[in-house]
>>> print(open('data_7.csv').read())   # CSV, C-alpha atoms and all ligand atoms
chain,number,residue,atom,x,y,z
A,670,MET,CA,11.1,11.6,-31.4
A,671,ASP,CA,14.0,11.5,-33.9
A,672,HIS,CA,13.6,15.1,-34.9
A,673,VAL,CA,14.2,16.3,-31.3
A,674,GLN,CA,17.5,14.6,-31.3
A,675,THR,CA,18.6,16.2,-34.5
A,676,GLU,CA,21.1,18.9,-33.6
A,677,GLU,CA,20.1,22.3,-34.8
A,678,LYS,CA,22.7,24.1,-36.9
A,679,ILE,CA,22.8,26.9,-34.4
A,680,PHE,CA,23.8,24.5,-31.7
A,681,GLN,CA,26.6,22.7,-33.6
A,682,GLN,CA,28.9,24.5,-31.3
A,683,LYS,CA,27.3,23.6,-28.0
A,684,PHE,CA,25.7,26.5,-26.2
A,685,ASN,CA,27.2,29.2,-28.3
A,686,PHE,CA,25.7,32.7,-28.5
A,687,PRO,CA,24.7,33.0,-32.1
A,688,GLU,CA,25.6,35.9,-34.2
A,689,LEU,CA,22.7,38.1,-35.5
A,690,PRO,CA,22.6,37.3,-39.2
A,691,TYR,CA,22.0,40.9,-40.2
A,692,SER,CA,22.5,44.4,-38.8
A,693,TYR,CA,20.3,45.9,-36.1
A,694,ASP,CA,18.6,48.2,-38.6
A,695,ALA,CA,18.1,45.6,-41.3
A,696,LEU,CA,14.5,44.9,-40.4
A,697,GLU,CA,13.4,48.6,-40.4
A,698,PRO,CA,10.8,49.9,-40.6
A,699,TYR,CA,9.0,46.8,-39.3
A,700,PHE,CA,11.3,46.0,-36.3
A,701,ASP,CA,13.2,49.1,-35.3
A,702,LYS,CA,17.0,49.3,-34.8
A,703,GLN,CA,16.8,50.3,-31.1
A,704,THR,CA,14.5,47.4,-30.2
A,705,MET,CA,16.6,44.9,-32.1
A,706,GLU,CA,19.8,46.1,-30.4
A,707,ILE,CA,18.4,45.8,-26.9
A,708,HIS,CA,16.5,42.6,-27.7
A,709,TYR,CA,19.6,40.8,-29.0
A,710,SER,CA,22.5,42.3,-27.0
A,711,LYS,CA,20.7,42.7,-23.7
A,712,HIS,CA,17.7,40.4,-23.4
A,713,HIS,CA,18.9,37.4,-25.4
A,714,ARG,CA,22.4,37.7,-24.0
A,715,ALA,CA,21.0,37.8,-20.4
A,716,TYR,CA,19.0,34.6,-21.0
A,717,TYR,CA,22.2,33.0,-22.4
A,718,GLU,CA,24.4,34.0,-19.5
A,719,LYS,CA,21.8,33.0,-16.9
A,720,PHE,CA,21.3,29.7,-18.7
A,721,LEU,CA,25.1,28.9,-18.6
A,722,ASN,CA,25.1,29.9,-14.9
A,723,ALA,CA,22.1,27.7,-14.1
A,724,ILE,CA,23.5,24.6,-15.8
A,725,LYS,CA,26.9,24.9,-14.1
A,726,GLY,CA,27.6,21.7,-12.1
A,727,THR,CA,24.4,20.0,-13.3
A,728,LYS,CA,23.9,17.1,-15.8
A,729,ALA,CA,22.4,19.7,-18.2
A,730,GLU,CA,26.0,20.7,-19.0
A,731,ASP,CA,26.6,17.4,-20.7
A,732,ILE,CA,23.5,17.1,-22.9
A,733,SER,CA,22.0,19.2,-25.8
A,734,VAL,CA,19.5,21.9,-25.2
A,735,GLU,CA,16.9,19.7,-27.0
A,736,GLU,CA,17.6,16.8,-24.6
A,737,ILE,CA,17.1,19.3,-21.7
A,738,PHE,CA,13.7,20.3,-23.1
A,739,ASN,CA,12.8,16.7,-23.7
A,740,ASN,CA,13.1,16.0,-19.9
A,741,ILE,CA,12.3,19.5,-18.7
A,742,ASN,CA,10.8,18.5,-15.4
A,743,GLU,CA,14.1,17.1,-14.2
A,744,PHE,CA,15.6,20.6,-14.3
A,745,SER,CA,15.3,23.8,-12.3
A,746,THR,CA,13.0,26.7,-13.2
A,747,ALA,CA,16.0,28.8,-14.0
A,748,ILE,CA,17.2,26.2,-16.6
A,749,ARG,CA,13.7,26.1,-18.0
A,750,ASN,CA,13.2,29.8,-18.3
A,751,ASN,CA,16.7,30.8,-19.4
A,752,GLY,CA,17.3,27.8,-21.6
A,753,GLY,CA,14.0,28.6,-23.3
A,754,GLY,CA,14.9,32.2,-23.6
A,755,TYR,CA,18.3,31.2,-25.1
A,756,TYR,CA,16.8,28.7,-27.6
A,757,ASN,CA,13.7,30.7,-28.6
A,758,HIS,CA,15.6,33.8,-29.5
A,759,SER,CA,18.3,31.9,-31.4
A,760,LEU,CA,15.6,30.4,-33.6
A,761,PHE,CA,13.7,33.8,-33.9
A,762,TRP,CA,16.7,35.7,-35.4
A,763,THR,CA,17.1,33.0,-38.1
A,764,ILE,CA,13.5,33.1,-39.3
A,765,LEU,CA,13.6,36.9,-39.8
A,766,SER,CA,15.0,38.5,-42.9
A,767,PRO,CA,15.3,41.9,-44.5
A,768,ALA,CA,14.5,40.2,-47.8
A,769,LYS,CA,10.8,41.1,-47.4
A,770,ASN,CA,9.2,38.0,-48.9
A,771,SER,CA,5.6,38.3,-48.2
A,772,SER,CA,4.7,34.6,-48.4
A,773,PRO,CA,6.3,31.2,-48.8
A,774,THR,CA,7.0,29.9,-52.3
A,775,GLY,CA,7.1,26.5,-54.0
A,776,GLU,CA,6.5,23.3,-52.2
A,777,PHE,CA,6.2,24.7,-48.7
A,778,SER,CA,3.5,27.0,-49.9
A,779,GLU,CA,1.6,23.9,-50.9
A,780,VAL,CA,2.1,22.4,-47.5
A,781,ILE,CA,0.7,25.5,-45.8
A,782,THR,CA,-2.3,25.4,-48.1
A,783,LYS,CA,-2.9,21.7,-47.5
A,784,SER,CA,-2.6,22.1,-43.7
A,785,PHE,CA,-4.6,25.3,-43.2
A,786,GLY,CA,-6.8,25.7,-46.3
A,787,SER,CA,-4.9,28.8,-47.5
A,788,PHE,CA,-2.0,31.1,-46.6
A,789,GLU,CA,-4.5,33.7,-45.5
A,790,LYS,CA,-6.2,31.2,-43.2
A,791,PHE,CA,-2.8,30.2,-41.7
A,792,LYS,CA,-2.0,33.9,-41.0
A,793,GLU,CA,-5.3,34.3,-39.3
A,794,ILE,CA,-4.8,31.3,-37.0
A,795,PHE,CA,-1.2,32.3,-36.2
A,796,ASN,CA,-2.2,35.9,-35.6
A,797,ASN,CA,-4.9,34.7,-33.3
A,798,ALA,CA,-2.5,32.6,-31.3
A,799,ALA,CA,0.0,35.5,-31.0
A,800,THR,CA,-2.7,38.0,-30.1
A,801,MET,CA,-4.6,35.9,-27.6
A,802,ARG,CA,-1.5,34.8,-25.6
A,803,PHE,CA,-2.1,36.5,-22.3
A,804,GLY,CA,1.0,38.3,-20.9
A,805,SER,CA,4.4,37.2,-22.1
A,806,GLY,CA,5.0,34.3,-24.4
A,807,TRP,CA,5.5,33.1,-28.0
A,808,ALA,CA,3.5,32.0,-31.0
A,809,TRP,CA,4.7,28.9,-32.9
A,810,LEU,CA,4.5,27.0,-36.1
A,811,SER,CA,5.8,23.5,-35.4
A,812,VAL,CA,5.9,20.1,-37.0
A,813,ASN,CA,4.2,17.6,-34.6
A,814,ASN,CA,5.0,14.0,-34.1
A,815,ASN,CA,2.7,13.0,-37.0
A,816,GLY,CA,4.7,15.3,-39.4
A,817,ASP,CA,1.8,17.7,-39.5
A,818,LEU,CA,2.0,21.5,-39.2
A,819,GLN,CA,0.5,23.0,-36.0
A,820,VAL,CA,0.1,26.5,-34.6
A,821,SER,CA,0.3,27.1,-30.9
A,822,SER,CA,1.3,29.6,-28.3
A,823,SER,CA,3.3,29.2,-25.1
A,824,PRO,CA,3.7,31.2,-21.9
A,825,ASN,CA,6.9,32.8,-20.7
A,826,GLN,CA,9.9,31.1,-22.5
A,827,ASP,CA,8.3,27.7,-22.9
A,828,ASN,CA,8.4,26.1,-26.3
A,829,PRO,CA,7.0,23.0,-28.2
A,830,LEU,CA,10.2,21.0,-27.6
A,831,MET,CA,9.5,20.9,-23.8
A,832,ASN,CA,8.0,17.5,-23.1
A,833,ASP,CA,5.2,18.9,-20.9
A,834,SER,CA,4.1,21.2,-23.7
A,835,GLU,CA,0.4,20.8,-24.7
A,836,TYR,CA,1.5,21.1,-28.4
A,837,GLN,CA,4.8,19.2,-28.7
A,838,GLY,CA,6.7,19.3,-31.9
A,839,THR,CA,9.7,20.8,-33.7
A,840,PRO,CA,9.5,24.6,-34.0
A,841,ILE,CA,10.1,26.0,-37.5
A,842,LEU,CA,8.7,29.5,-37.0
A,843,ASN,CA,8.2,31.6,-33.9
A,844,LEU,CA,7.1,35.1,-32.9
A,845,ASP,CA,8.1,36.7,-29.6
A,846,VAL,CA,5.1,38.5,-28.1
A,847,TRP,CA,6.9,39.7,-24.9
A,848,GLU,CA,6.4,43.5,-24.6
A,849,HIS,CA,10.2,43.9,-24.8
A,850,ALA,CA,9.9,42.8,-28.4
A,851,TYR,CA,7.7,45.6,-29.5
A,852,TYR,CA,7.0,48.2,-26.8
A,853,LEU,CA,9.5,50.9,-27.9
A,854,LYS,CA,8.0,51.1,-31.4
A,855,TYR,CA,4.4,49.8,-31.0
A,856,GLN,CA,3.7,50.5,-27.3
A,857,ASN,CA,0.5,48.6,-26.4
A,858,ARG,CA,-0.3,47.8,-30.0
A,859,ARG,CA,0.7,44.1,-30.2
A,860,PRO,CA,-1.5,43.5,-33.3
A,861,ASP,CA,0.4,46.2,-35.2
A,862,TYR,CA,3.7,44.4,-34.3
A,863,ILE,CA,2.3,41.1,-35.3
A,864,ASN,CA,1.2,42.5,-38.7
A,865,ALA,CA,4.6,44.0,-39.3
A,866,PHE,CA,6.2,40.5,-38.6
A,867,TRP,CA,4.7,39.1,-41.8
A,868,ASN,CA,6.8,41.5,-43.9
A,869,ILE,CA,10.2,40.2,-42.7
A,870,ILE,CA,9.9,36.4,-42.4
A,871,ASN,CA,12.7,34.3,-43.9
A,872,TRP,CA,10.5,31.7,-45.7
A,873,GLU,CA,13.5,30.0,-47.1
A,874,GLU,CA,14.8,29.3,-43.6
A,875,VAL,CA,11.3,28.2,-42.4
A,876,GLU,CA,11.1,25.7,-45.3
A,877,LYS,CA,14.6,24.4,-44.6
A,878,ARG,CA,13.6,23.8,-41.0
A,879,TYR,CA,10.4,22.1,-42.2
A,880,LEU,CA,12.3,19.7,-44.5
A,881,ARG,CA,14.7,18.8,-41.7
A,882,ALA,CA,11.8,18.2,-39.2
A,883,ILE,CA,9.7,15.8,-41.3
B,1,MN,MN,12.4,38.4,-26.4
>>> encode(input="data_7.csv", output="structure tokens")
Amino acid sequence: MDHVQTEEKIFQQKFNFPELPYSYDALEPYFDKQTMEIHYSKHHRAYYEKFLNAIKGTKAEDISVEEIFNNINEFSTAIRNNGGGYYNHSLFWTILSPAKNSSPTGEFSEVITKSFGSFEKFKEIFNNAATMRFGSGWAWLSVNNNGDLQVSSSPNQDNPLMNDSEYQGTPILNLDVWEHAYYLKYQNRRPDYINAFWNIINWEEVEKRYLRAI
């Protein structure tokens, strides 16, 4: 799996804590300022610090996070959960944008249509994955080993890079459906949060990740 070995831009500096590429209030009114601040500076930061703690003195210190995921069963549950939390949020911030593009453009829009029938159909499938995920987890758009787009969801902080994932691939878009991602603004209304998400996707970044993955 060549694409798994490709170092993500955000990990060029090994295991750094990425900067949020916009201000906490940039995604208002869809994602509120308070949630963004707590989510990034508390939740994401805690996964990152617990991850660094968990890998200390293990062979995970010497390899990339992708290589850890690619042999995930060789590592502790703490490395799985916190490494996942670290990676998944690092990706999530980059695929969000205050630019408010409502849909992909150009070539990538054609790839979506070819893969799912239409953009509306893709949204429906992705929304279903995000809504039906019981408890805490993530919804994903990934490029699988055949170079095809696939939608999936994962429990906890698992992701499609983990080699025991049912839907392995390179993630290019994700949505956090843990309650901490939406409870302050949307309370129990996960579907409202999921609908809001479609207003603030950075499609340029998603397309860039797609082109790197194929
Ligand atoms: Mn989260």
>>> atom_distance(input="data_7.csv", atom1="CA of Trp872 (chain A)", atom2="CA of Phe803 (chain A)")
27.0 Å
>>> atom_distance(input="data_7.csv", atom1="CA of Phe795 (chain A)", atom2="CA of Leu810 (chain A)")
7.8 Å
>>> residues_near_ligand(input="data_7.csv", ligand="ligand MN 1 (chain B)", cutoff="7 Å", atoms="all atoms listed in the file", output="PDB file with C-alpha atoms, in the frame of the given file")
ATOM      1  CA  HIS A 708      16.500  42.600 -27.700  1.00  0.00           C
ATOM      2  CA  HIS A 712      17.700  40.400 -23.400  1.00  0.00           C
ATOM      3  CA  HIS A 713      18.900  37.400 -25.400  1.00  0.00           C
ATOM      4  CA  HIS A 758      15.600  33.800 -29.500  1.00  0.00           C
ATOM      5  CA  ASP A 845       8.100  36.700 -29.600  1.00  0.00           C
ATOM      6  CA  TRP A 847       6.900  39.700 -24.900  1.00  0.00           C
ATOM      7  CA  HIS A 849      10.200  43.900 -24.800  1.00  0.00           C
ATOM      8  CA  ALA A 850       9.900  42.800 -28.400  1.00  0.00           C
TER       9      ALA A 850
END
>>> residues_around(input="data_7.csv", residues="Asn740 (chain A)", least_positions_apart="4", cutoff="9 Å", atoms="all atoms listed in the file", output="JSON, numbers by chain")
{"A": [735, 736, 744, 831, 832, 833]}
>>> closest_residue(input="data_7.csv", among="A:Gly838, A:Leu696, A:Ile741, A:Ile883", to="Leu765 (chain A)", atoms="all atoms listed in the file")
A:Leu696
>>> residues_around(input="data_7.csv", residues="Tyr693 (chain A)", least_positions_apart="5", cutoff="7 Å", atoms="all atoms listed in the file", output="list of chain:residue names")
A:Lys702, A:Met705, A:Glu706
>>> residues_near_point(input="data_7.csv", point="(4.3, 13.3, -36.4)", cutoff="10 Å", atoms="only C-alpha atoms", output="PDB file with C-alpha atoms, keeping the file's coordinate frame")
ATOM      1  CA  MET A 670      11.100  11.600 -31.400  1.00  0.00           C
ATOM      2  CA  HIS A 672      13.600  15.100 -34.900  1.00  0.00           C
ATOM      3  CA  VAL A 812       5.900  20.100 -37.000  1.00  0.00           C
ATOM      4  CA  ASN A 813       4.200  17.600 -34.600  1.00  0.00           C
ATOM      5  CA  ASN A 814       5.000  14.000 -34.100  1.00  0.00           C
ATOM      6  CA  ASN A 815       2.700  13.000 -37.000  1.00  0.00           C
ATOM      7  CA  GLY A 816       4.700  15.300 -39.400  1.00  0.00           C
ATOM      8  CA  ASP A 817       1.800  17.700 -39.500  1.00  0.00           C
ATOM      9  CA  LEU A 818       2.000  21.500 -39.200  1.00  0.00           C
ATOM     10  CA  GLN A 837       4.800  19.200 -28.700  1.00  0.00           C
ATOM     11  CA  GLY A 838       6.700  19.300 -31.900  1.00  0.00           C
ATOM     12  CA  THR A 839       9.700  20.800 -33.700  1.00  0.00           C
ATOM     13  CA  ALA A 882      11.800  18.200 -39.200  1.00  0.00           C
ATOM     14  CA  ILE A 883       9.700  15.800 -41.300  1.00  0.00           C
TER      15      ILE A 883
END
>>> residues_around(input="data_7.csv", residues="Pro824 (chain A)", least_positions_apart="3", cutoff="8 Å", atoms="only C-alpha atoms", output="PDB file with C-alpha atoms, in the frame of the given file")
ATOM      1  CA  ARG A 802      -1.500  34.800 -25.600  1.00  0.00           C
ATOM      2  CA  PHE A 803      -2.100  36.500 -22.300  1.00  0.00           C
ATOM      3  CA  GLY A 804       1.000  38.300 -20.900  1.00  0.00           C
ATOM      4  CA  SER A 805       4.400  37.200 -22.100  1.00  0.00           C
ATOM      5  CA  GLY A 806       5.000  34.300 -24.400  1.00  0.00           C
ATOM      6  CA  TRP A 807       5.500  33.100 -28.000  1.00  0.00           C
ATOM      7  CA  ASP A 827       8.300  27.700 -22.900  1.00  0.00           C
TER       8      ASP A 827
END
>>> atom_distance(input="data_7.csv", atom1="CA of Tyr756 (chain A)", atom2="CA of Val734 (chain A)")
7.7 Å
>>> closest_residue(input="data_7.csv", among="A:Lys683, A:Val875, A:Gly775, A:Tyr755", to="Ala715 (chain A)", atoms="all atoms listed in the file")
A:Tyr755
>>> residues_near_point(input="data_7.csv", point="(9.4, 32.6, -43.8)", cutoff="8 Å", atoms="all atoms listed in the file", output="list in words")
Ile764, Leu765, Asn770, Ser772, Pro773, Leu842, Ile869, Ile870, Asn871, Trp872, Glu873, Glu874, Val875 and Glu876 of chain A
>>> decode(input="data_7.csv", residues="region 770-793 of chain A", atoms="N, CA, C and O atoms", output="PDB file, in the first residue's frame")
ATOM      1  N   ASN A 770     -17.821  26.695   0.580  1.00  0.00           N
ATOM      2  CA  ASN A 770     -18.140  26.061  -0.702  1.00  0.00           C
ATOM      3  C   ASN A 770     -19.175  24.985  -0.431  1.00  0.00           C
ATOM      4  O   ASN A 770     -19.012  24.208   0.484  1.00  0.00           O
ATOM      5  N   SER A 771     -20.205  24.927  -1.223  1.00  0.00           N
ATOM      6  CA  SER A 771     -21.252  23.960  -0.914  1.00  0.00           C
ATOM      7  C   SER A 771     -21.032  22.617  -1.587  1.00  0.00           C
ATOM      8  O   SER A 771     -21.619  21.623  -1.204  1.00  0.00           O
ATOM      9  N   SER A 772     -20.190  22.573  -2.591  1.00  0.00           N
ATOM     10  CA  SER A 772     -19.945  21.289  -3.265  1.00  0.00           C
ATOM     11  C   SER A 772     -18.595  21.318  -3.967  1.00  0.00           C
ATOM     12  O   SER A 772     -18.046  22.385  -4.232  1.00  0.00           O
ATOM     13  N   PRO A 773     -18.069  20.134  -4.284  1.00  0.00           N
ATOM     14  CA  PRO A 773     -16.782  20.090  -4.985  1.00  0.00           C
ATOM     15  C   PRO A 773     -16.925  20.627  -6.404  1.00  0.00           C
ATOM     16  O   PRO A 773     -18.017  20.657  -6.958  1.00  0.00           O
ATOM     17  N   THR A 774     -15.803  21.050  -6.956  1.00  0.00           N
ATOM     18  CA  THR A 774     -15.832  21.592  -8.314  1.00  0.00           C
ATOM     19  C   THR A 774     -14.902  20.782  -9.207  1.00  0.00           C
ATOM     20  O   THR A 774     -14.138  19.948  -8.735  1.00  0.00           O
ATOM     21  N   GLY A 775     -14.984  21.037 -10.474  1.00  0.00           N
ATOM     22  CA  GLY A 775     -14.030  20.516 -11.446  1.00  0.00           C
ATOM     23  C   GLY A 775     -13.960  19.011 -11.501  1.00  0.00           C
ATOM     24  O   GLY A 775     -14.969  18.308 -11.369  1.00  0.00           O
ATOM     25  N   GLU A 776     -12.736  18.524 -11.655  1.00  0.00           N
ATOM     26  CA  GLU A 776     -12.498  17.109 -11.878  1.00  0.00           C
ATOM     27  C   GLU A 776     -13.002  16.236 -10.729  1.00  0.00           C
ATOM     28  O   GLU A 776     -13.549  15.168 -10.944  1.00  0.00           O
ATOM     29  N   PHE A 777     -12.797  16.728  -9.503  1.00  0.00           N
ATOM     30  CA  PHE A 777     -13.183  15.903  -8.356  1.00  0.00           C
ATOM     31  C   PHE A 777     -14.692  15.728  -8.287  1.00  0.00           C
ATOM     32  O   PHE A 777     -15.185  14.688  -7.859  1.00  0.00           O
ATOM     33  N   SER A 778     -15.416  16.745  -8.711  1.00  0.00           N
ATOM     34  CA  SER A 778     -16.868  16.632  -8.740  1.00  0.00           C
ATOM     35  C   SER A 778     -17.305  15.517  -9.704  1.00  0.00           C
ATOM     36  O   SER A 778     -18.258  14.794  -9.458  1.00  0.00           O
ATOM     37  N   GLU A 779     -16.541  15.370 -10.793  1.00  0.00           N
ATOM     38  CA  GLU A 779     -16.840  14.272 -11.736  1.00  0.00           C
ATOM     39  C   GLU A 779     -16.528  12.914 -11.130  1.00  0.00           C
ATOM     40  O   GLU A 779     -17.235  11.933 -11.379  1.00  0.00           O
ATOM     41  N   VAL A 780     -15.453  12.860 -10.319  1.00  0.00           N
ATOM     42  CA  VAL A 780     -15.098  11.598  -9.652  1.00  0.00           C
ATOM     43  C   VAL A 780     -16.207  11.194  -8.676  1.00  0.00           C
ATOM     44  O   VAL A 780     -16.591  10.020  -8.593  1.00  0.00           O
ATOM     45  N   ILE A 781     -16.738  12.161  -7.948  1.00  0.00           N
ATOM     46  CA  ILE A 781     -17.838  11.897  -7.011  1.00  0.00           C
ATOM     47  C   ILE A 781     -19.059  11.359  -7.767  1.00  0.00           C
ATOM     48  O   ILE A 781     -19.667  10.354  -7.367  1.00  0.00           O
ATOM     49  N   THR A 782     -19.385  12.019  -8.871  1.00  0.00           N
ATOM     50  CA  THR A 782     -20.549  11.592  -9.658  1.00  0.00           C
ATOM     51  C   THR A 782     -20.340  10.187 -10.206  1.00  0.00           C
ATOM     52  O   THR A 782     -21.239   9.351 -10.147  1.00  0.00           O
ATOM     53  N   LYS A 783     -19.140   9.937 -10.709  1.00  0.00           N
ATOM     54  CA  LYS A 783     -18.847   8.616 -11.270  1.00  0.00           C
ATOM     55  C   LYS A 783     -18.921   7.533 -10.184  1.00  0.00           C
ATOM     56  O   LYS A 783     -19.350   6.420 -10.417  1.00  0.00           O
ATOM     57  N   SER A 784     -18.511   7.878  -8.967  1.00  0.00           N
ATOM     58  CA  SER A 784     -18.442   6.893  -7.885  1.00  0.00           C
ATOM     59  C   SER A 784     -19.798   6.622  -7.242  1.00  0.00           C
ATOM     60  O   SER A 784     -20.077   5.496  -6.835  1.00  0.00           O
ATOM     61  N   PHE A 785     -20.612   7.667  -7.118  1.00  0.00           N
ATOM     62  CA  PHE A 785     -21.837   7.525  -6.316  1.00  0.00           C
ATOM     63  C   PHE A 785     -23.113   7.815  -7.106  1.00  0.00           C
ATOM     64  O   PHE A 785     -24.205   7.693  -6.556  1.00  0.00           O
ATOM     65  N   GLY A 786     -23.000   8.240  -8.347  1.00  0.00           N
ATOM     66  CA  GLY A 786     -24.192   8.546  -9.138  1.00  0.00           C
ATOM     67  C   GLY A 786     -24.445  10.041  -9.208  1.00  0.00           C
ATOM     68  O   GLY A 786     -24.706  10.580 -10.271  1.00  0.00           O
ATOM     69  N   SER A 787     -24.357  10.700  -8.051  1.00  0.00           N
ATOM     70  CA  SER A 787     -24.500  12.167  -8.011  1.00  0.00           C
ATOM     71  C   SER A 787     -23.941  12.668  -6.688  1.00  0.00           C
ATOM     72  O   SER A 787     -23.725  11.877  -5.758  1.00  0.00           O
ATOM     73  N   PHE A 788     -23.730  13.976  -6.603  1.00  0.00           N
ATOM     74  CA  PHE A 788     -23.263  14.546  -5.346  1.00  0.00           C
ATOM     75  C   PHE A 788     -24.316  14.358  -4.260  1.00  0.00           C
ATOM     76  O   PHE A 788     -23.995  14.044  -3.113  1.00  0.00           O
ATOM     77  N   GLU A 789     -25.586  14.517  -4.620  1.00  0.00           N
ATOM     78  CA  GLU A 789     -26.673  14.334  -3.646  1.00  0.00           C
ATOM     79  C   GLU A 789     -26.694  12.918  -3.097  1.00  0.00           C
ATOM     80  O   GLU A 789     -26.929  12.704  -1.915  1.00  0.00           O
ATOM     81  N   LYS A 790     -26.454  11.951  -3.961  1.00  0.00           N
ATOM     82  CA  LYS A 790     -26.434  10.543  -3.534  1.00  0.00           C
ATOM     83  C   LYS A 790     -25.247  10.299  -2.589  1.00  0.00           C
ATOM     84  O   LYS A 790     -25.379   9.593  -1.585  1.00  0.00           O
ATOM     85  N   PHE A 791     -24.092  10.890  -2.935  1.00  0.00           N
ATOM     86  CA  PHE A 791     -22.915  10.767  -2.062  1.00  0.00           C
ATOM     87  C   PHE A 791     -23.235  11.327  -0.675  1.00  0.00           C
ATOM     88  O   PHE A 791     -22.939  10.709   0.347  1.00  0.00           O
ATOM     89  N   LYS A 792     -23.867  12.510  -0.644  1.00  0.00           N
ATOM     90  CA  LYS A 792     -24.229  13.138   0.635  1.00  0.00           C
ATOM     91  C   LYS A 792     -25.128  12.219   1.455  1.00  0.00           C
ATOM     92  O   LYS A 792     -24.953  12.073   2.666  1.00  0.00           O
ATOM     93  N   GLU A 793     -26.071  11.617   0.775  1.00  0.00           N
ATOM     94  CA  GLU A 793     -27.026  10.727   1.449  1.00  0.00           C
ATOM     95  C   GLU A 793     -26.289   9.532   2.072  1.00  0.00           C
ATOM     96  O   GLU A 793     -26.546   9.168   3.225  1.00  0.00           O
TER      97      GLU A 793
END
